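Enquirer: Got a structure for you, written out below as structure tokens; questions coming shortly.
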Amino acid sequence: MDYNKIIELASYTLPALVTGVVAYRFFELHIKNNDRKRAFLLNKQAHKESLPLRLQAYERMTLFLERINLTKLLIRISPISQNKHDYENYVIDQIEQEFEHNLTQQIYMSEECWTIIITAKNATIQIIRKAAMSDKVENADKLREVILNDLLEKQSPSNAALSFIKSEVADLWY
């Protein structure tokens with residue numbers, strides 16, 4: 001074969017190959033860009049639809065934490081008898097019922113936030129149980145008094161969980 005024909009063939013083939021590679025890369029980038037744009041729009045739409053549900057879940061869990069705040073809880077729930085164990089069980093049952101009522105809200109929250117809420121609930125119950133086991137508590141009124149006096153010295157577990165919820169909701173806006 002003649003070198004001239006090979007050079008002539010290469011002079012037609014090489015520009016066609018370069019043009020083909022450039023066109024392929026251009027369409028590949030174009031398709032990727034369209035996929036990213038479509039994914040962004042879908043994510044934006046999903047966020048637009050889920051944000052109200054998430055905010056509602058945070059609102060409900062804020063209400064839950066406010067309702068199990070020991071100061072408010074003990075004022076709201078008066079003793080049903082003078083037996084401290086009856087009152088202890090009654091208050092804990094109220095906390096558990098309130099929690100079970102809001103159990104489904106966990107699907108709209110981060111795992112960390114849900115864990116903190118459960119920890120606050122359990123710490124609140126533990127404070128009640130610990131106070132009820134005290135020797136200086138003879139009746140339900142004294143139980144209320146001991147728990148409320150303990151809360152004067154330290155923060156309620158609900159307050160710490162509420163602070164975390166507030167920071168997590170603030171993060172939703174940024």
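In the structure tokens, each chain is lettered A, B, ... as it comes, each chain's residues begin at 1, and ligands are numbered from 1 in order of appearance.
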Got a sec: who's within 8 Å of A:Gln105, counting only C-alpha atoms, leaving out chain neighbours fewer than 6 positions off, as a PyMOL selection string?
Expert: chain A and resi 57-58+60-61
Enquirer: Within 10 Å of A:Gln106, counting only C-alpha atoms, which residues show up once you throw out same-chain ones fewer than 4 positions away? Write them as an mmCIF file with all heavy atoms, in the first residue's frame, please.
Expert:
```
data_model
loop_
_atom_site.group_PDB
_atom_site.id
_atom_site.type_symbol
_atom_site.label_atom_id
_atom_site.label_comp_id
_atom_site.auth_asym_id
_atom_site.auth_seq_id
_atom_site.Cartn_x
_atom_site.Cartn_y
_atom_site.Cartn_z
ATOM 1 N N ARG A 54 -42.323 17.075 58.876
ATOM 2 C CA ARG A 54 -41.207 17.048 59.829
ATOM 3 C C ARG A 54 -41.396 18.105 60.909
ATOM 4 O O ARG A 54 -41.186 17.846 62.101
ATOM 5 C CB ARG A 54 -39.880 17.259 59.110
ATOM 6 C CG ARG A 54 -39.495 16.066 58.240
ATOM 7 C CD ARG A 54 -38.116 16.203 57.674
ATOM 8 N NE ARG A 54 -37.164 16.002 58.765
ATOM 9 C CZ ARG A 54 -35.888 16.328 58.681
ATOM 10 N NH1 ARG A 54 -35.410 16.864 57.591
ATOM 11 N NH2 ARG A 54 -35.085 16.118 59.696
ATOM 12 N N ALA A 57 -43.912 16.982 63.362
ATOM 13 C CA ALA A 57 -43.365 15.976 64.274
ATOM 14 C C ALA A 57 -42.541 16.641 65.368
ATOM 15 O O ALA A 57 -42.650 16.274 66.549
ATOM 16 C CB ALA A 57 -42.504 14.978 63.493
ATOM 17 N N TYR A 58 -41.732 17.612 64.990
ATOM 18 C CA TYR A 58 -40.954 18.329 66.001
ATOM 19 C C TYR A 58 -41.869 19.081 66.960
ATOM 20 O O TYR A 58 -41.605 19.140 68.167
ATOM 21 C CB TYR A 58 -39.960 19.284 65.343
ATOM 22 C CG TYR A 58 -38.777 18.579 64.721
ATOM 23 C CD1 TYR A 58 -38.572 18.608 63.349
ATOM 24 C CD2 TYR A 58 -37.859 17.893 65.509
ATOM 25 C CE1 TYR A 58 -37.485 17.959 62.783
ATOM 26 C CE2 TYR A 58 -36.771 17.250 64.949
ATOM 27 C CZ TYR A 58 -36.588 17.290 63.585
ATOM 28 O OH TYR A 58 -35.515 16.643 63.037
ATOM 29 N N MET A 61 -43.354 16.529 69.382
ATOM 30 C CA MET A 61 -42.392 16.056 70.370
ATOM 31 C C MET A 61 -42.014 17.172 71.346
ATOM 32 O O MET A 61 -41.713 16.907 72.511
ATOM 33 C CB MET A 61 -41.161 15.468 69.687
ATOM 34 C CG MET A 61 -41.465 14.193 68.904
ATOM 35 S SD MET A 61 -42.564 13.000 69.708
ATOM 36 C CE MET A 61 -41.637 12.517 71.134
ATOM 37 N N ASN A 102 -47.215 9.482 70.701
ATOM 38 C CA ASN A 102 -46.351 10.202 69.753
ATOM 39 C C ASN A 102 -45.265 9.329 69.135
ATOM 40 O O ASN A 102 -44.338 9.836 68.517
ATOM 41 C CB ASN A 102 -45.695 11.390 70.468
ATOM 42 C CG ASN A 102 -46.696 12.443 70.810
ATOM 43 O OD1 ASN A 102 -47.306 13.036 69.944
ATOM 44 N ND2 ASN A 102 -46.897 12.673 72.105
ATOM 45 N N SER A 110 -34.363 12.763 63.089
ATOM 46 C CA SER A 110 -33.067 12.083 63.014
ATOM 47 C C SER A 110 -32.977 11.060 64.133
ATOM 48 O O SER A 110 -33.640 11.180 65.166
ATOM 49 C CB SER A 110 -31.927 13.099 63.134
ATOM 50 O OG SER A 110 -31.857 13.601 64.453
ATOM 51 N N GLU A 111 -32.151 10.075 63.929
ATOM 52 C CA GLU A 111 -31.960 9.025 64.941
ATOM 53 C C GLU A 111 -31.427 9.621 66.243
ATOM 54 O O GLU A 111 -31.847 9.231 67.335
ATOM 55 C CB GLU A 111 -30.991 7.960 64.400
ATOM 56 C CG GLU A 111 -30.841 6.765 65.288
ATOM 57 C CD GLU A 111 -32.086 5.902 65.371
ATOM 58 O OE1 GLU A 111 -32.850 5.853 64.384
ATOM 59 O OE2 GLU A 111 -32.304 5.288 66.428
ATOM 60 N N CYS A 113 -31.849 12.677 67.420
ATOM 61 C CA CYS A 113 -32.897 13.428 68.106
ATOM 62 C C CYS A 113 -33.855 12.484 68.820
ATOM 63 O O CYS A 113 -34.231 12.715 69.975
ATOM 64 C CB CYS A 113 -33.648 14.306 67.104
ATOM 65 S SG CYS A 113 -34.871 15.396 67.866
ATOM 66 N N TRP A 114 -34.251 11.414 68.145
ATOM 67 C CA TRP A 114 -35.178 10.460 68.755
ATOM 68 C C TRP A 114 -34.543 9.805 69.986
ATOM 69 O O TRP A 114 -35.197 9.629 71.006
ATOM 70 C CB TRP A 114 -35.614 9.412 67.734
ATOM 71 C CG TRP A 114 -36.671 8.522 68.279
ATOM 72 C CD1 TRP A 114 -36.555 7.214 68.628
ATOM 73 C CD2 TRP A 114 -38.026 8.882 68.574
ATOM 74 N NE1 TRP A 114 -37.746 6.739 69.108
ATOM 75 C CE2 TRP A 114 -38.665 7.747 69.088
ATOM 76 C CE3 TRP A 114 -38.751 10.062 68.448
ATOM 77 C CZ2 TRP A 114 -39.992 7.739 69.481
ATOM 78 C CZ3 TRP A 114 -40.081 10.058 68.842
ATOM 79 C CH2 TRP A 114 -40.688 8.917 69.347
ATOM 80 N N THR A 115 -33.272 9.488 69.899
ATOM 81 C CA THR A 115 -32.564 8.890 71.025
ATOM 82 C C THR A 115 -32.532 9.852 72.216
ATOM 83 O O THR A 115 -32.718 9.440 73.366
ATOM 84 C CB THR A 115 -31.130 8.498 70.614
ATOM 85 O OG1 THR A 115 -31.207 7.593 69.517
ATOM 86 C CG2 THR A 115 -30.371 7.854 71.751
ATOM 87 N N ILE A 117 -34.720 12.186 72.874
ATOM 88 C CA ILE A 117 -36.080 12.260 73.423
ATOM 89 C C ILE A 117 -36.357 11.051 74.319
ATOM 90 O O ILE A 117 -36.895 11.196 75.427
ATOM 91 C CB ILE A 117 -37.119 12.375 72.287
ATOM 92 C CG1 ILE A 117 -36.998 13.744 71.618
ATOM 93 C CG2 ILE A 117 -38.534 12.144 72.812
ATOM 94 C CD1 ILE A 117 -37.770 13.877 70.332
#
```
Enquirer: Using only C-alpha atoms, determine which residues lie at most 8 Å from A:Ser158, disregarding the query and same-chain residues fewer than 6 positions distant; provide the list as a PyMOL selection string.
Expert: chain A and resi 65-66+68-69+117+120-121+124
Enquirer: Report the residues of stretch 51-160 of chain A whose backbone DSSP state falls under helix (DSSP H, G or I), written as a ChimeraX atom specification.
Expert: /A:51-67,70-76,84-101,103-108,111-132,140-153,157-160
Enquirer: Rounded to one decimal in Å, what is the spacing between atom CA of A:Lys84 and atom CA of A:Lys72?
Expert: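 Between these atoms lies a distance of 18.4 Å.
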Enquirer: Quick check, in Å to one decimal: how far apart do atom CA of A:Glu145 and atom CA of A:Glu96 lie?
Expert: 21.9 Å
